[in-house]
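Have a look at query.txt below; it lists compact mmCIF, C-alpha atoms and all ligand atoms.
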# COMPACT_ATOMS: atom_id res chain seq x y z
CA MET A 1 -9.77 6.86 22.58
CA GLY A 2 -10.22 3.21 21.49
CA TYR A 3 -7.77 0.95 19.71
CA ALA A 4 -8.38 -1.50 16.89
CA GLN A 5 -6.65 -3.99 14.64
CA LEU A 6 -8.21 -4.84 11.30
CA VAL A 7 -6.95 -8.33 10.45
CA ILE A 8 -7.04 -8.91 6.70
CA GLY A 9 -5.35 -11.11 4.11
CA PRO A 10 -6.13 -13.77 1.51
CA ALA A 11 -8.42 -16.71 2.28
CA GLY A 12 -6.81 -19.23 4.59
CA SER A 13 -3.80 -17.06 5.40
CA GLY A 14 -4.34 -17.63 9.14
CA LYS A 15 -6.36 -14.57 10.23
CA SER A 16 -8.70 -16.38 12.62
CA THR A 17 -5.84 -18.44 14.05
CA TYR A 18 -3.89 -15.23 14.60
CA CYS A 19 -6.87 -13.68 16.39
CA SER A 20 -7.27 -16.65 18.68
CA SER A 21 -3.54 -16.81 19.46
CA LEU A 22 -3.60 -13.13 20.22
CA HIS A 23 -6.53 -13.63 22.53
CA GLN A 24 -4.74 -16.46 24.32
CA HIS A 25 -1.60 -14.42 24.66
CA CYS A 26 -3.51 -11.50 26.14
CA GLU A 27 -5.30 -13.78 28.55
CA THR A 28 -1.95 -15.05 29.81
CA THR A 29 -0.60 -11.55 30.20
CA ARG A 30 -3.87 -10.35 31.80
CA ARG A 31 -4.60 -7.86 29.14
CA THR A 32 -8.12 -7.32 27.86
CA ILE A 33 -8.86 -7.48 24.15
CA HIS A 34 -12.13 -8.17 22.34
CA ILE A 35 -12.27 -10.13 19.10
CA VAL A 36 -14.97 -9.24 16.60
CA ASN A 37 -16.13 -11.59 13.87
CA LEU A 38 -16.72 -9.77 10.58
CA ASP A 39 -16.97 -12.92 8.48
CA PRO A 40 -20.64 -13.79 7.86
CA ALA A 41 -19.55 -17.25 6.63
CA ALA A 42 -17.52 -18.20 9.71
CA GLU A 43 -18.90 -20.99 11.87
CA ASN A 44 -16.35 -22.18 14.41
CA PHE A 45 -14.39 -19.93 16.69
CA ASP A 46 -11.42 -20.60 18.92
CA TYR A 47 -11.92 -17.30 20.67
CA PRO A 48 -14.81 -15.72 22.54
CA VAL A 49 -16.68 -13.61 19.99
CA ALA A 50 -17.33 -10.14 21.38
CA MET A 51 -19.31 -8.81 18.42
CA ASP A 52 -20.58 -10.85 15.51
CA ILE A 53 -21.70 -9.72 12.05
CA ARG A 54 -23.88 -12.85 11.94
CA GLU A 55 -26.17 -11.19 14.44
CA LEU A 56 -26.81 -8.55 11.79
CA ILE A 57 -27.05 -10.79 8.74
CA SER A 58 -26.66 -14.46 7.94
CA LEU A 59 -24.92 -15.67 4.80
CA ASP A 60 -27.14 -18.76 4.61
CA ASP A 61 -30.28 -16.61 4.58
CA VAL A 62 -28.84 -14.35 1.90
CA MET A 63 -27.85 -17.28 -0.33
CA GLU A 64 -31.19 -18.95 0.10
CA GLU A 65 -33.43 -15.92 -0.24
CA LEU A 66 -31.55 -14.10 -2.98
CA GLY A 67 -30.23 -17.13 -4.81
CA LEU A 68 -26.64 -15.90 -4.56
CA GLY A 69 -23.47 -18.03 -4.43
CA PRO A 70 -21.09 -17.91 -1.48
CA ASN A 71 -18.92 -15.05 -2.77
CA GLY A 72 -21.76 -12.94 -4.16
CA GLY A 73 -23.61 -13.62 -0.91
CA LEU A 74 -20.65 -12.43 1.13
CA MET A 75 -20.41 -9.22 -0.88
CA TYR A 76 -24.12 -8.67 -0.26
CA CYS A 77 -23.64 -9.20 3.50
CA MET A 78 -20.76 -6.74 3.61
CA GLU A 79 -22.74 -4.13 1.69
CA HIS A 80 -25.55 -4.67 4.17
CA LEU A 81 -23.05 -4.04 6.97
CA GLU A 82 -21.99 -0.84 5.24
CA GLU A 83 -25.58 0.36 5.08
CA ASN A 84 -26.05 -0.39 8.76
CA LEU A 85 -22.83 1.08 10.11
CA ASP A 86 -24.62 3.90 11.86
CA GLU A 87 -27.09 1.68 13.59
CA TRP A 88 -25.43 -1.67 14.18
CA LEU A 89 -21.80 -0.71 14.68
CA THR A 90 -22.54 2.40 16.70
CA GLU A 91 -24.83 0.44 18.97
CA GLU A 92 -22.32 -2.39 19.41
CA LEU A 93 -19.45 -0.01 20.05
CA ASP A 94 -21.45 1.59 22.82
CA ASN A 95 -20.74 -1.53 24.87
CA TYR A 96 -17.06 -0.69 24.94
CA LEU A 97 -15.28 1.90 26.94
CA ASP A 98 -12.54 4.33 26.26
CA ASP A 99 -9.23 2.52 26.04
CA ASP A 100 -10.83 -0.75 24.89
CA TYR A 101 -8.91 -2.78 22.34
CA LEU A 102 -10.84 -4.47 19.52
CA VAL A 103 -9.52 -6.92 16.94
CA PHE A 104 -11.60 -7.40 13.79
CA ASP A 105 -11.32 -10.82 12.13
CA CYS A 106 -12.23 -10.12 8.48
CA PRO A 107 -13.29 -12.40 5.63
CA GLY A 108 -10.59 -13.42 3.14
CA GLN A 109 -12.19 -12.19 -0.09
CA ILE A 110 -9.69 -9.83 -1.61
CA GLU A 111 -12.47 -7.98 -3.47
CA LEU A 112 -13.41 -6.34 -0.19
CA PHE A 113 -10.27 -4.24 -0.31
CA SER A 114 -9.77 -3.79 -4.02
CA HIS A 115 -13.25 -3.39 -5.54
CA VAL A 116 -15.76 -2.04 -3.05
CA PRO A 117 -15.51 0.74 -0.47
CA VAL A 118 -17.10 -1.19 2.40
CA VAL A 119 -13.96 -1.74 4.45
CA LYS A 120 -12.82 1.81 3.86
CA ASN A 121 -16.15 3.15 5.09
CA PHE A 122 -16.06 0.76 8.03
CA VAL A 123 -12.67 2.08 9.04
CA GLU A 124 -13.75 5.68 8.64
CA HIS A 125 -16.66 4.96 10.91
CA LEU A 126 -14.30 3.55 13.54
CA ARG A 127 -12.10 6.60 13.26
CA ARG A 128 -15.07 8.92 13.72
CA LYS A 129 -15.79 6.94 16.89
CA ASN A 130 -12.30 7.86 18.05
CA PHE A 131 -10.53 4.58 17.36
CA ASN A 132 -6.87 4.35 16.40
CA VAL A 133 -6.82 1.64 13.76
CA CYS A 134 -3.97 -0.48 12.41
CA VAL A 135 -4.26 -2.83 9.44
CA VAL A 136 -2.68 -6.23 10.04
CA TYR A 137 -2.13 -7.96 6.73
CA LEU A 138 -1.37 -11.68 6.82
CA LEU A 139 0.31 -13.55 4.00
CA ASP A 140 0.91 -17.30 4.14
CA SER A 141 4.66 -18.01 4.14
CA GLN A 142 3.96 -21.14 2.10
CA PHE A 143 3.10 -18.88 -0.82
CA ILE A 144 6.26 -16.88 -1.10
CA THR A 145 8.65 -19.51 -2.25
CA ASP A 146 9.57 -17.57 -5.36
CA VAL A 147 9.83 -13.98 -6.48
CA THR A 148 6.68 -13.88 -8.61
CA LYS A 149 4.52 -15.02 -5.68
CA PHE A 150 6.26 -12.59 -3.38
CA ILE A 151 5.56 -9.66 -5.70
CA SER A 152 1.95 -10.70 -6.06
CA GLY A 153 1.62 -10.83 -2.24
CA CYS A 154 3.20 -7.38 -1.99
CA MET A 155 0.79 -5.99 -4.57
CA SER A 156 -2.28 -7.21 -2.74
CA SER A 157 -0.97 -5.85 0.55
CA LEU A 158 -0.13 -2.59 -1.18
CA SER A 159 -3.60 -2.26 -2.67
CA ALA A 160 -5.06 -2.54 0.85
CA MET A 161 -2.50 -0.02 2.10
CA VAL A 162 -3.33 2.49 -0.60
CA GLN A 163 -7.09 2.02 -0.21
CA LEU A 164 -7.25 2.19 3.55
CA GLU A 165 -4.52 4.76 4.27
CA LEU A 166 -3.84 3.42 7.75
CA PRO A 167 -0.80 2.29 9.70
CA HIS A 168 0.00 -1.11 8.32
CA VAL A 169 1.82 -4.18 9.66
CA ASN A 170 2.58 -7.07 7.30
CA ILE A 171 2.90 -10.54 8.75
CA LEU A 172 4.22 -13.69 7.16
CA SER A 173 2.15 -16.40 8.82
CA LYS A 174 2.69 -20.13 9.44
CA MET A 175 6.46 -19.91 9.80
CA ASP A 176 6.37 -23.28 11.59
CA LEU A 177 5.62 -24.90 8.23
CA VAL A 178 8.67 -23.46 6.49
CA THR A 179 11.36 -26.10 6.17
CA ASN A 180 13.77 -24.41 3.81
CA LYS A 181 14.75 -21.11 5.34
CA LYS A 182 16.27 -19.83 2.11
CA ASP A 183 12.76 -19.86 0.62
CA VAL A 184 11.65 -17.16 2.96
CA GLU A 185 14.73 -15.37 4.22
CA ASN A 186 15.30 -13.61 0.90
CA TYR A 187 11.93 -11.94 1.09
CA LEU A 188 11.82 -10.58 4.61
CA ASP A 189 13.65 -7.37 3.92
CA PRO A 190 14.49 -7.78 0.28
CA GLU A 191 17.15 -5.98 -1.70
CA PRO A 192 15.30 -4.37 -4.65
CA GLN A 193 18.05 -4.97 -7.22
CA LEU A 194 18.21 -8.66 -6.35
CA LEU A 195 14.44 -8.96 -6.63
CA LEU A 196 14.54 -7.31 -10.03
CA ALA A 197 17.29 -9.59 -11.30
CA GLU A 198 15.38 -12.63 -10.09
CA LEU A 199 12.14 -11.40 -11.59
CA ASN A 200 13.77 -10.75 -14.97
CA GLN A 201 15.20 -14.23 -14.91
CA ARG A 202 11.79 -15.76 -14.28
CA MET A 203 9.80 -13.77 -16.82
CA ALA A 204 9.93 -13.44 -20.60
CA PRO A 205 12.15 -10.55 -21.86
CA GLN A 206 9.22 -8.33 -22.89
CA PHE A 207 8.31 -7.85 -19.21
CA GLN A 208 11.57 -6.20 -18.16
CA LYS A 209 10.17 -2.68 -18.17
CA LEU A 210 7.13 -3.76 -16.20
CA ASN A 211 9.33 -5.67 -13.74
CA LYS A 212 11.41 -2.56 -13.15
CA SER A 213 8.31 -0.49 -12.40
CA LEU A 214 6.92 -3.14 -10.08
CA ILE A 215 10.12 -3.34 -8.07
CA GLU A 216 10.27 0.45 -7.91
CA VAL A 217 6.77 0.51 -6.45
CA VAL A 218 7.64 -2.14 -3.86
CA ASP A 219 10.81 -0.25 -3.00
CA GLN A 220 9.18 3.16 -2.76
CA TYR A 221 6.54 1.87 -0.41
CA SER A 222 9.33 0.55 1.74
CA MET A 223 6.63 -0.42 4.21
CA VAL A 224 6.18 -3.58 2.19
CA SER A 225 8.29 -5.70 4.48
CA PHE A 226 7.06 -8.68 6.43
CA LEU A 227 7.39 -9.84 10.03
CA PRO A 228 7.70 -13.65 10.15
CA LEU A 229 5.32 -14.96 12.80
CA ASP A 230 5.92 -18.33 14.41
CA LEU A 231 3.13 -19.14 16.84
CA ARG A 232 5.29 -21.79 18.56
CA LYS A 233 7.78 -19.18 19.54
CA GLU A 234 8.11 -18.43 23.22
CA SER A 235 6.98 -14.98 24.12
CA SER A 236 9.87 -12.65 23.92
CA PHE A 237 10.06 -9.04 22.98
CA SER A 238 13.07 -9.33 20.78
CA PHE A 239 13.08 -10.23 17.15
CA ASN A 240 16.02 -12.40 18.05
CA GLY A 241 16.89 -13.35 14.56
CA LYS A 242 16.93 -17.11 14.54
CA ASP A 243 15.29 -19.83 16.56
CA GLN A 244 16.35 -23.40 17.17
CA TYR A 245 15.45 -24.24 13.60
CA SER A 246 17.69 -21.35 12.52
CA LEU A 247 14.76 -19.63 10.87
CA PRO A 248 14.19 -15.93 11.27
CA SER A 249 10.93 -15.53 13.14
CA CYS A 250 9.18 -13.57 15.84
CA SER A 251 6.65 -14.25 18.55
CA ILE A 252 3.10 -12.98 18.78
CA GLN A 253 4.21 -10.81 21.68
CA TYR A 254 6.74 -9.04 19.48
CA ILE A 255 4.14 -8.55 16.73
CA LEU A 256 1.69 -7.13 19.25
CA SER A 257 4.27 -4.69 20.54
CA GLN A 258 4.90 -3.47 16.99
CA ILE A 259 1.19 -2.97 16.38
CA ASP A 260 0.73 -1.24 19.74
CA ASN A 261 3.45 1.18 18.73
CA CYS A 262 1.66 1.92 15.46
CA ILE A 263 -1.57 2.85 17.22
CA GLN A 264 0.10 4.43 20.25
CA TYR A 265 -1.47 1.98 22.65
CA GLY A 266 -0.19 2.13 26.20
CA GLU A 267 1.78 5.31 25.75
CA ASP A 268 0.67 6.65 29.10
CA ALA A 269 1.53 3.48 30.94
CA ASP A 270 4.79 2.56 29.31
CA VAL A 271 7.65 4.73 30.47
CA LYS A 272 9.91 3.67 27.65
CA VAL A 273 7.41 4.75 25.04
CA LYS A 274 6.65 7.91 26.96
CA ASN A 275 10.28 8.99 26.87
CA PHE A 276 10.60 8.16 23.24
CA ASP A 277 11.80 11.16 21.31
CA PRO A 278 9.46 11.74 18.35
CA GLU A 279 12.28 13.40 16.38
CA GLU A 280 14.20 10.15 16.47
CA ASP A 281 12.11 8.40 13.88
CA ASP A 282 13.39 5.04 12.75
N1 LIG B 301 0.89 -24.91 10.85
C1 LIG B 301 0.17 -23.79 10.96
N2 LIG B 301 -1.09 -23.76 10.48
C2 LIG B 301 -1.78 -22.62 10.58
C3 LIG B 301 -1.24 -21.44 11.20
N3 LIG B 301 -2.18 -20.46 11.15
C4 LIG B 301 -3.25 -21.02 10.54
N4 LIG B 301 -3.03 -22.30 10.20
C5 LIG B 301 -3.97 -23.23 9.53
O1 LIG B 301 -4.36 -22.68 8.29
C6 LIG B 301 -5.74 -22.93 8.04
C7 LIG B 301 -6.48 -21.61 7.82
O2 LIG B 301 -6.39 -20.86 9.01
P1 LIG B 301 -7.48 -19.77 9.40
O3 LIG B 301 -6.98 -19.13 10.65
O4 LIG B 301 -8.84 -20.35 9.41
O5 LIG B 301 -7.33 -18.78 8.17
P2 LIG B 301 -8.24 -17.52 7.81
O6 LIG B 301 -7.34 -16.52 7.18
O7 LIG B 301 -9.03 -17.10 9.00
O8 LIG B 301 -9.19 -18.14 6.70
P3 LIG B 301 -10.54 -17.47 6.09
O9 LIG B 301 -11.24 -16.77 7.22
O10 LIG B 301 -11.29 -18.63 5.56
O11 LIG B 301 -10.09 -16.54 5.02
C8 LIG B 301 -6.25 -23.70 9.25
O12 LIG B 301 -6.22 -25.07 8.92
C9 LIG B 301 -5.26 -23.37 10.32
O13 LIG B 301 -5.14 -24.41 11.28
C10 LIG B 301 0.11 -21.52 11.70
O14 LIG B 301 0.68 -20.56 12.23
N5 LIG B 301 0.76 -22.71 11.55
MG MG B 302 -11.12 -16.77 9.26

Go ahead and express the file in the form of structure tokens.
Ligand SMILES: Nc1nc2c(ncn2[C@@H]2O[C@H](COP(=O)(O)OP(=O)(O)OP(=O)(O)O)[C@@H](O)[C@H]2O)c(=O)[nH]1
Ligand SMILES: [Mg+2]
Amino acid sequence: MGYAQLVIGPAGSGKSTYCSSLHQHCETTRRTIHIVNLDPAAENFDYPVAMDIRELISLDDVMEELGLGPNGGLMYCMEHLEENLDEWLTEELDNYLDDDYLVFDCPGQIELFSHVPVVKNFVEHLRRKNFNVCVVYLLDSQFITDVTKFISGCMSSLSAMVQLELPHVNILSKMDLVTNKKDVENYLDPEPQLLLAELNQRMAPQFQKLNKSLIEVVDQYSMVSFLPLDLRKESSFSFNGKDQYSLPSCSIQYILSQIDNCIQYGEDADVKVKNFDPEEDD
């Protein structure tokens, strides 16, 4: 059995930074993880790249030879990856052993999760290779300063959730940049009725019915809640509410423990998890 995180989210939401922080954290705690670059446009890495899509196909070549722009070129590269899953991915995965932990740093184009089946097929391939996969969706905390942006973030996370049908952890990134805690606090574990009231206030009256349906969707998929990640935060397992800036936030270690739980990593080693009663589902 292998383990994998698929790190997705809008462009610039902090995916690659998250991957490199995770790598650093694991180095400190002497745990082995391998970070995989799935972005054919990426150039600089703050982490050692274990597998690299650019070895399969280069975005520059595609743009030059096919006359495509950067986004069309990226879609082409990803479709090429899809066609080569059996060969390229299978061969690359052969380098890893049972119990290995891979983290896939994905491109930020949202089309990859909403329009084309490439990521879904990629994940299915991993699952056939006996990997437990968790989706890690990053949303930039700078973008959820009001209810309309929050709902739009939820919808894009939800569309990935529905498409990929995998365990899913939502992260609010860049908490160190948040200065007004009220901006964010309201959206961490939001009360649906308050969201609806706020949304109705913001939007023209003819949208009330739509607003109600949207909030119902967010509420029903109660998984749409976000963990606020502050990379400055000292490693600690607790989500200890507030830090010295009195902002709610959690450390990368806490996030990793949540994800490990989702994919049942370390169940044999960790006595606490081993004794966990599956009936007692929280
Ligand atoms: N202050 C702060 N900046 C961050 C944090 N995470 C990422 N950034 C910055 O945000 C910018 C984008 O970060 P990346 O990690 O490249 O984002 P990405 O999601 O990989 O971007 P794409 O791969 O282009 O979609 C960079 O300038 C980072 O330095 C954070 O936790 N705090
Ligand atoms: Mg990146």

Considering all atoms listed in the file, give me a table of residues in chain A that are at most 9 Å from ligand LIG 301 (chain B), with the closest atom pair and distance in Å for each, as a Markdown table.
| residue | atom | partner | partner_atom | distance |
| --- | --- | --- | --- | --- |
| A:Val7 | CA | B:LIG301 | O6 | 8.8 |
| A:Ile8 | CA | B:LIG301 | O6 | 7.6 |
| A:Gly9 | CA | B:LIG301 | O6 | 6.5 |
| A:Pro10 | CA | B:LIG301 | O11 | 6.0 |
| A:Ala11 | CA | B:LIG301 | O11 | 3.2 |
| A:Gly12 | CA | B:LIG301 | O8 | 3.4 |
| A:Ser13 | CA | B:LIG301 | O6 | 4.0 |
| A:Gly14 | CA | B:LIG301 | O5 | 3.3 |
| A:Lys15 | CA | B:LIG301 | O6 | 3.8 |
| A:Ser16 | CA | B:LIG301 | O7 | 3.7 |
| A:Thr17 | CA | B:LIG301 | O3 | 3.7 |
| A:Tyr18 | CA | B:LIG301 | O3 | 6.4 |
| A:Cys19 | CA | B:LIG301 | O3 | 7.9 |
| A:Ser20 | CA | B:LIG301 | O3 | 8.4 |
| A:Asp39 | CA | B:LIG301 | O9 | 7.0 |
| A:Ala41 | CA | B:LIG301 | O9 | 8.3 |
| A:Ala42 | CA | B:LIG301 | O9 | 6.9 |
| A:Asp105 | CA | B:LIG301 | O7 | 7.4 |
| A:Cys106 | CA | B:LIG301 | O9 | 6.8 |
| A:Pro107 | CA | B:LIG301 | O9 | 5.1 |
| A:Gly108 | CA | B:LIG301 | O11 | 3.7 |
| A:Gln109 | CA | B:LIG301 | O11 | 7.0 |
| A:Leu138 | CA | B:LIG301 | O6 | 7.7 |
| A:Leu139 | CA | B:LIG301 | O6 | 8.8 |
| A:Asp140 | CA | B:LIG301 | N3 | 8.3 |
| A:Ser173 | CA | B:LIG301 | O14 | 5.6 |
| A:Lys174 | CA | B:LIG301 | O14 | 3.5 |
| A:Met175 | CA | B:LIG301 | O14 | 6.3 |
| A:Asp176 | CA | B:LIG301 | N5 | 5.6 |
| A:Leu177 | CA | B:LIG301 | N1 | 5.4 |
| A:Leu229 | CA | B:LIG301 | O14 | 7.3 |
| A:Asp230 | CA | B:LIG301 | O14 | 6.1 |
| A:Leu231 | CA | B:LIG301 | O14 | 5.4 |
| A:Arg232 | CA | B:LIG301 | O14 | 7.9 |

Residues from last step as file, C-alpha atoms, as a PDB file, in the coordinates of the input:
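Okay, this is what ended up in out.pdb:
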ATOM      1  CA  VAL A   7      -6.950  -8.330  10.450  1.00  0.00           C
ATOM      2  CA  ILE A   8      -7.040  -8.910   6.700  1.00  0.00           C
ATOM      3  CA  GLY A   9      -5.350 -11.110   4.110  1.00  0.00           C
ATOM      4  CA  PRO A  10      -6.130 -13.770   1.510  1.00  0.00           C
ATOM      5  CA  ALA A  11      -8.420 -16.710   2.280  1.00  0.00           C
ATOM      6  CA  GLY A  12      -6.810 -19.230   4.590  1.00  0.00           C
ATOM      7  CA  SER A  13      -3.800 -17.060   5.400  1.00  0.00           C
ATOM      8  CA  GLY A  14      -4.340 -17.630   9.140  1.00  0.00           C
ATOM      9  CA  LYS A  15      -6.360 -14.570  10.230  1.00  0.00           C
ATOM     10  CA  SER A  16      -8.700 -16.380  12.620  1.00  0.00           C
ATOM     11  CA  THR A  17      -5.840 -18.440  14.050  1.00  0.00           C
ATOM     12  CA  TYR A  18      -3.890 -15.230  14.600  1.00  0.00           C
ATOM     13  CA  CYS A  19      -6.870 -13.680  16.390  1.00  0.00           C
ATOM     14  CA  SER A  20      -7.270 -16.650  18.680  1.00  0.00           C
ATOM     15  CA  ASP A  39     -16.970 -12.920   8.480  1.00  0.00           C
ATOM     16  CA  ALA A  41     -19.550 -17.250   6.630  1.00  0.00           C
ATOM     17  CA  ALA A  42     -17.520 -18.200   9.710  1.00  0.00           C
ATOM     18  CA  ASP A 105     -11.320 -10.820  12.130  1.00  0.00           C
ATOM     19  CA  CYS A 106     -12.230 -10.120   8.480  1.00  0.00           C
ATOM     20  CA  PRO A 107     -13.290 -12.400   5.630  1.00  0.00           C
ATOM     21  CA  GLY A 108     -10.590 -13.420   3.140  1.00  0.00           C
ATOM     22  CA  GLN A 109     -12.190 -12.190  -0.090  1.00  0.00           C
ATOM     23  CA  LEU A 138      -1.370 -11.680   6.820  1.00  0.00           C
ATOM     24  CA  LEU A 139       0.310 -13.550   4.000  1.00  0.00           C
ATOM     25  CA  ASP A 140       0.910 -17.300   4.140  1.00  0.00           C
ATOM     26  CA  SER A 173       2.150 -16.400   8.820  1.00  0.00           C
ATOM     27  CA  LYS A 174       2.690 -20.130   9.440  1.00  0.00           C
ATOM     28  CA  MET A 175       6.460 -19.910   9.800  1.00  0.00           C
ATOM     29  CA  ASP A 176       6.370 -23.280  11.590  1.00  0.00           C
ATOM     30  CA  LEU A 177       5.620 -24.900   8.230  1.00  0.00           C
ATOM     31  CA  LEU A 229       5.320 -14.960  12.800  1.00  0.00           C
ATOM     32  CA  ASP A 230       5.920 -18.330  14.410  1.00  0.00           C
ATOM     33  CA  LEU A 231       3.130 -19.140  16.840  1.00  0.00           C
ATOM     34  CA  ARG A 232       5.290 -21.790  18.560  1.00  0.00           C
TER      35      ARG A 232
END

Using all atoms listed in the file, find each residue in segment 72-144 of chain A having at least one atom no more than 12 Å away from segment 185-191 of chain A; report its shortest atom-to-atom pair and that distance in Å (one decimal), rows by chain then rising number, as CSV.
residue,atom,partner,partner_atom,distance
A:Leu139,CA,A:Leu188,CA,11.9
A:Ser141,CA,A:Tyr187,CA,9.9
A:Phe143,CA,A:Tyr187,CA,11.4
A:Ile144,CA,A:Tyr187,CA,7.8

Practice problem: Quick one: residues within 12 Å of (13.8, -7.6, -5.8) (file frame), counting all atoms listed in the file, please, as a PyMOL selection string. | Solution: chain A and resi 146-151+154+186-202+211-219+222+224-225

Quiz item: Quick one: distance from atom CA of Val135 of chain A to atom CA of Leu166 of chain A in Å, one decimal?
Solution: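 Computing the Euclidean distance for atom CA of Val135 of chain A and atom CA of Leu166 of chain A yields 6.5 Å.
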
Hey, what's within 7 Å of segment 155-163 of chain A if we count only C-alpha atoms and toss same-chain stuff fewer than 2 positions away? As a short mmCIF file (atom, residue, chain, number, x, y, z; two decimals) with C-alpha atoms, in the coordinates of the input, please?
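Ended up saving to selection_35.cif:
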data_model
loop_
_atom_site.label_atom_id
_atom_site.label_comp_id
_atom_site.auth_asym_id
_atom_site.auth_seq_id
_atom_site.Cartn_x
_atom_site.Cartn_y
_atom_site.Cartn_z
CA PHE A 113 -10.27 -4.24 -0.31
CA SER A 114 -9.77 -3.79 -4.02
CA TYR A 137 -2.13 -7.96 6.73
CA ILE A 151 5.56 -9.66 -5.70
CA SER A 152 1.95 -10.70 -6.06
CA GLY A 153 1.62 -10.83 -2.24
CA GLU A 165 -4.52 4.76 4.27
CA LEU A 166 -3.84 3.42 7.75
CA HIS A 168 0.00 -1.11 8.32
#

Practice problem: Please indicate the distance in Å from atom CA of Phe122 of chain A to atom CA of Glu87 of chain A, rounded to one decimal place. | Solution: 12.4 Å

Quiz item: Interatomic distance between atom CA of Ala204 of chain A and atom CA of Val184 of chain A?
Solution: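 Going from atom CA of Ala204 of chain A over to atom CA of Val184 of chain A covers 23.9 Å.
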
Quiz item: Any idea what's packed within 7 Å of Cys250 of chain A, counting all atoms listed in the file, ignoring anything in its chain fewer than 2 positions away? Could you give it as a ChimeraX atom specification?
Solution: /A:228-230,233,239,252,254

Quiz item: Which residue gives the smallest distance to ligand MG 302 (chain B) among A:Tyr3, A:Phe131, A:Tyr96, A:Phe104, with all atoms listed in the file counted?
Solution: A:Phe104

Quiz prompt | Counting all atoms listed in the file, the residue of A:Leu56, A:Met75, A:Leu126, A:Ala4 that sits nearest Val103 of chain A | solution =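 Under the stated criterion, the closest residue is A:Ala4.
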
Quiz prompt | Proximity to Asn37 of chain A - best of A:Gln208, A:Leu22, A:Ile110, A:Leu102, all atoms listed in the file | solution = A:Leu102

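Each of A:Asp260, A:Leu112, A:Pro248, A:Pro48 was compared to Lys181 of chain A using all atoms listed in the file, and A:Pro248 turns out to be the nearest.
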
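Using all atoms listed in the file, the nearest neighbour of ligand MG 302 (chain B) within the list A:Gly67, A:Gly2, A:Pro40, A:Pro205 is A:Pro40.
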
Add whatever atoms are absent from segment 175-188 of chain A to reach N, CA and C atoms, and provide the output as a PDB file, keeping the file's coordinate frame.
ATOM      1  N   MET A 175       5.022 -19.680   9.946  1.00  0.00           N
ATOM      2  CA  MET A 175       6.460 -19.910   9.800  1.00  0.00           C
ATOM      3  C   MET A 175       6.873 -21.297  10.289  1.00  0.00           C
ATOM      4  N   ASP A 176       6.031 -21.923  11.124  1.00  0.00           N
ATOM      5  CA  ASP A 176       6.370 -23.280  11.590  1.00  0.00           C
ATOM      6  C   ASP A 176       6.363 -24.293  10.449  1.00  0.00           C
ATOM      7  N   LEU A 177       5.698 -23.952   9.341  1.00  0.00           N
ATOM      8  CA  LEU A 177       5.620 -24.900   8.230  1.00  0.00           C
ATOM      9  C   LEU A 177       6.786 -24.758   7.245  1.00  0.00           C
ATOM     10  N   VAL A 178       7.574 -23.694   7.427  1.00  0.00           N
ATOM     11  CA  VAL A 178       8.670 -23.460   6.490  1.00  0.00           C
ATOM     12  C   VAL A 178       9.838 -24.394   6.842  1.00  0.00           C
ATOM     13  N   THR A 179      10.253 -25.197   5.883  1.00  0.00           N
ATOM     14  CA  THR A 179      11.360 -26.100   6.170  1.00  0.00           C
ATOM     15  C   THR A 179      12.668 -25.578   5.583  1.00  0.00           C
ATOM     16  N   ASN A 180      12.553 -24.941   4.429  1.00  0.00           N
ATOM     17  CA  ASN A 180      13.770 -24.410   3.810  1.00  0.00           C
ATOM     18  C   ASN A 180      13.848 -22.911   4.045  1.00  0.00           C
ATOM     19  N   LYS A 181      14.742 -22.511   4.937  1.00  0.00           N
ATOM     20  CA  LYS A 181      14.750 -21.110   5.340  1.00  0.00           C
ATOM     21  C   LYS A 181      15.113 -20.173   4.199  1.00  0.00           C
ATOM     22  N   LYS A 182      15.886 -20.669   3.243  1.00  0.00           N
ATOM     23  CA  LYS A 182      16.270 -19.830   2.110  1.00  0.00           C
ATOM     24  C   LYS A 182      15.027 -19.331   1.365  1.00  0.00           C
ATOM     25  N   ASP A 183      14.002 -20.216   1.316  1.00  0.00           N
ATOM     26  CA  ASP A 183      12.760 -19.860   0.620  1.00  0.00           C
ATOM     27  C   ASP A 183      12.207 -18.539   1.089  1.00  0.00           C
ATOM     28  N   VAL A 184      12.341 -18.290   2.364  1.00  0.00           N
ATOM     29  CA  VAL A 184      11.650 -17.160   2.960  1.00  0.00           C
ATOM     30  C   VAL A 184      12.589 -16.007   3.310  1.00  0.00           C
ATOM     31  N   GLU A 185      13.788 -16.370   3.730  1.00  0.00           N
ATOM     32  CA  GLU A 185      14.730 -15.370   4.220  1.00  0.00           C
ATOM     33  C   GLU A 185      14.956 -14.229   3.221  1.00  0.00           C
ATOM     34  N   ASN A 186      15.020 -14.605   1.934  1.00  0.00           N
ATOM     35  CA  ASN A 186      15.300 -13.610   0.900  1.00  0.00           C
ATOM     36  C   ASN A 186      14.216 -12.552   0.784  1.00  0.00           C
ATOM     37  N   TYR A 187      13.043 -12.853   1.321  1.00  0.00           N
ATOM     38  CA  TYR A 187      11.930 -11.940   1.090  1.00  0.00           C
ATOM     39  C   TYR A 187      11.503 -11.151   2.323  1.00  0.00           C
ATOM     40  N   LEU A 188      12.252 -11.278   3.398  1.00  0.00           N
ATOM     41  CA  LEU A 188      11.820 -10.580   4.610  1.00  0.00           C
ATOM     42  C   LEU A 188      12.119  -9.088   4.524  1.00  0.00           C
TER      43      LEU A 188
END
